[in-house]
Amino acid sequence: ADEPPLKSMTESEFRAFSTRLRPVVLDIRDRETFAEGHESGAVNIPFIEVLTRAAAELPTSRHIVIDCRDPLDVCAMVVHWLRSSGFTGEVAVLRR
């Protein structure tokens, strides 16, 4: 089946979305970079660990916003992995 197009949002769209729907914010940067600063309440699962950890650590029915500070193709790959792993909530990318 064809996947829906990648949904990306701006900072202001993210703020409005977060106020309404309280999504899980997934930060895929390495632990050291995450420790230097991140979105309040964000969950850190480094990119190389998303396939092995996401299904066990993230709620599959909640909306997820990937805090994307990496190239967009990296973030798009994570969106694909989450969708193909049974995540049923909306998965979107916050572009910084």
# chains A, B, ... in the order shown; residues from 1 in each chain; ligands from 1
call {"tool": "select_by_dssp", "arguments": {"residues": "chain A", "states": "helix (DSSP H, G or I)", "output": "PyMOL selection string"}}
result
chain A and resi 11-21+31-35+47-57+72-84
call {"tool": "residues_around", "arguments": {"residues": "segment 24-26 of chain A", "least_positions_apart": "5", "cutoff": "9 Å", "atoms": "only C-alpha atoms", "output": "NGL selection string"}}
result
:A and (18 or 39-45 or 58-59 or 62-68)
call {"tool": "closest_atom_pairs", "arguments": {"of": "segment 32-57 of chain A", "to": "segment 73-77 of chain A", "cutoff": "12 Å", "atoms": "only C-alpha atoms", "output": "CSV"}}
result
residue,atom,partner,partner_atom,distance
A:Pro46,CA,A:Cys75,CA,11.4
A:Phe47,CA,A:Val74,CA,8.2
A:Ile48,CA,A:Val74,CA,10.5
A:Val50,CA,A:Met77,CA,10.2
A:Leu51,CA,A:Met77,CA,10.4
call {"tool": "select_by_dssp", "arguments": {"residues": "chain A", "states": "strand (DSSP E or B)", "output": "PyMOL selection string"}}
result
chain A and resi 7-9+24-27+43-44+64-68+91-95
call {"tool": "closest_residue", "arguments": {"among": "A:Met9, A:Arg15, A:Ser61, A:Asp30", "to": "Glu90 of chain A", "atoms": "only C-alpha atoms"}}
result
A:Ser61
call {"tool": "atom_distance", "arguments": {"atom1": "atom CA of Ala35 of chain A", "atom2": "atom CA of Arg96 of chain A"}}
result
17.4 Å
